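Visitor: One structure is given below, represented as structure tokens, and several questions about it will come after.
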Amino acid sequence: MVGASLGIKLTQLNHHVRMGSRTANNEKAEEFIKQAGMGASQGTFADAAAYGEIVFNCTKGDGALDAIKAAGEENLKGKILVDVSNPLDFSKGMPPILIPALSNTNSLGEEIQKRLPGTHVIKALNTVNCMLMVNPASVPGLHDVFICGNDETAKAKVTEILKSFGWISIIDVGDITAARATEMMLPLWIRLMMKFQSPNFNFKIVK
Ligand SMILES: NC(=O)c1ccc[n+]([C@@H]2O[C@H](COP(=O)([O-])OP(=O)(O)OC[C@H]3O[C@@H](n4cnc5c(N)ncnc54)[C@H](OP(=O)(O)O)[C@@H]3O)[C@@H](O)[C@H]2O)c1
């Protein structure tokens, strides 16, 4: 869902996008290619990681570290990886819990950065629904998206991409350890989604 939503928007903005998955011929990726058209292709996680100048991790929280391993450290070296994933465990139904080893004193964003020391991991967009990620105006008014990571140049590049999606208020919450905070917003986000019966809302910080 998230990969397709971001991928379609990126092709509309004239980027070339390769959708990775565990198999080189993935049905959902084929559907994405049909919808995205020109500039879209698919391959394994390693193919996509090698192809991209900038890589988005949009994989399921409890499979993300396996997906990163499959993508390959060498294929991601020197690149920006935008981590959109959340360390959620849905195994006991709704609402999910945060995976204990990846929350409070750790985070999925940090864990990915540890496993990819030569990559600039930037956490962003994980606190908004995938339709809103690429169309912030679908919720009226000014509302916020958070970004964090260790490298200022990489953060500036990702900020540019977020602006190209239509984001106006982009709050830099610090280095990659701030992913603990933005990932831990998810239990509240999910409760709100259950209450509103819709994912089309966002957080707004008022000072
Ligand atoms: N849905 C949203 O609106 C939303 C918003 C913000 C953040 N997020 C986060 O974004 C991520 C993607 O969410 P989603 O709803 O698009 O899809 P999802 O069902 O959570 O994840 C699908 C992706 O995860 C991969 N995957 C699943 N299990 C795996 C495993 N064991 N090993 C390796 N890869 C595995 C799948 O690979 P295959 O294609 O090979 O199956 C596919 O690429 C999640 O972490 C979610 O929390 C979602």
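Identifiers in the structure tokens: chain A, B, ... in order shown; residue index from 1 per chain; ligand index from 1 in order shown.
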With only C-alpha atoms and all ligand atoms counted, collect every polymer residue having an atom within 10 Å of ligand 1; state the result as an MDAnalysis selection string.
Guide: chainID A and resid 1:6 19:29 44:45 56:71 83:90 108 124:133 183 186 189 199:200
Visitor: So that I can check the secondary structure, give me every residue of region 14-192 of chain A assigned strand (DSSP E or B) by backbone DSSP, as an MDAnalysis selection string.
Guide: chainID A and resid 17:21 40:44 54:57 80:83 88:89 97:98 120:124 144:149 169:172
Visitor: Once DSSP has gone over the backbone, tell me which residues of region 15-75 of chain A are in alpha helix (DSSP H), as a list in words.
Guide: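 The alpha helix (DSSP H) subset of region 15-75 of chain A is Glu27, Lys28, Ala29, Glu30, Glu31, Phe32, Ile33, Lys34, Gln35, Ala36, Phe45, Ala46, Asp47, Ala48, Ala49, Ala50, Tyr51, Ala64, Leu65, Asp66, Ala67, Ile68, Lys69, Ala70, Ala71, Glu73, Glu74 and Asn75 of chain A.
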Visitor: Suppose we keep C-alpha atoms; can you now write the selection as a compact mmCIF listing (two decimals), in the first residue's frame?
Guide:
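What landed in result.txt:
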# COMPACT_ATOMS: atom_id res chain seq x y z
CA GLU A 27 1.62 -9.58 -8.46
CA LYS A 28 1.10 -6.43 -6.39
CA ALA A 29 4.22 -4.87 -7.93
CA GLU A 30 2.82 -5.72 -11.38
CA GLU A 31 -0.38 -3.88 -10.43
CA PHE A 32 1.74 -0.92 -9.26
CA ILE A 33 3.55 -0.83 -12.63
CA LYS A 34 0.19 -0.78 -14.47
CA GLN A 35 -1.01 2.13 -12.34
CA ALA A 36 2.25 4.09 -12.32
CA PHE A 45 14.65 -6.06 -2.63
CA ALA A 46 18.32 -6.26 -3.73
CA ASP A 47 17.47 -5.16 -7.31
CA ALA A 48 15.49 -2.19 -6.03
CA ALA A 49 18.19 -1.20 -3.51
CA ALA A 50 20.88 -1.33 -6.21
CA TYR A 51 18.72 0.65 -8.68
CA ALA A 64 11.67 -4.83 7.89
CA LEU A 65 15.05 -6.02 9.21
CA ASP A 66 14.86 -9.15 7.03
CA ALA A 67 13.95 -6.96 4.05
CA ILE A 68 16.94 -4.66 4.77
CA LYS A 69 19.22 -7.71 4.97
CA ALA A 70 17.86 -8.97 1.65
CA ALA A 71 18.31 -5.50 0.10
CA GLU A 73 24.29 -3.38 2.86
CA GLU A 74 26.55 -2.87 -0.19
CA ASN A 75 23.59 -1.90 -2.43
Visitor: Any idea what the distance is between CA of Pro100 (chain A) and CA of Val145 (chain A)?
Guide: 24.5 Å
Visitor: Go through A:Val206, A:Leu192, A:Ile122, A:Leu116 and flag the residue nearest Asp175 (chain A), using only C-alpha atoms for the distances.
Guide: A:Ile122
Visitor: Using only C-alpha atoms, determine which residues lie at most 7 Å from region 7-11 of chain A, disregarding the query and same-chain residues fewer than 5 positions distant; provide the list as an mmCIF file with C-alpha atoms, in the first residue's frame.
Guide:
data_model
loop_
_atom_site.group_PDB
_atom_site.id
_atom_site.type_symbol
_atom_site.label_atom_id
_atom_site.label_comp_id
_atom_site.auth_asym_id
_atom_site.auth_seq_id
_atom_site.Cartn_x
_atom_site.Cartn_y
_atom_site.Cartn_z
ATOM 1 C CA HIS A 16 11.996 6.363 -11.969
ATOM 2 C CA VAL A 17 10.822 3.847 -9.362
ATOM 3 C CA ALA A 36 2.245 4.095 -12.315
ATOM 4 C CA GLY A 39 9.290 4.933 -15.168
ATOM 5 C CA ALA A 40 7.994 2.038 -13.032
ATOM 6 C CA VAL A 134 1.442 12.086 -0.980
#
Visitor: Which residue, A:Pro136, A:Gly141, A:Gly166, A:Gly149, has the smallest gap to Ile112 (chain A) when you use only C-alpha atoms?
Guide: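 The shortest atom-to-atom distance to Ile112 (chain A) comes from A:Gly149.
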Visitor: To one decimal place, how far is CA of Ala154 (chain A) from CA of Lys123 (chain A) in Å?
Guide: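 Taking CA of Ala154 (chain A) as the start and CA of Lys123 (chain A) as the end point, the length is 10.8 Å.
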Visitor: Determine, counting only C-alpha atoms, which protein, DNA and RNA residues have an atom within 10 Å of an atom of His143 (chain A); residues of the same chain fewer than 4 positions away are not included. Present the result as an NGL selection string.
Guide: :A and (136-137 or 139 or 167-170 or 201-206)
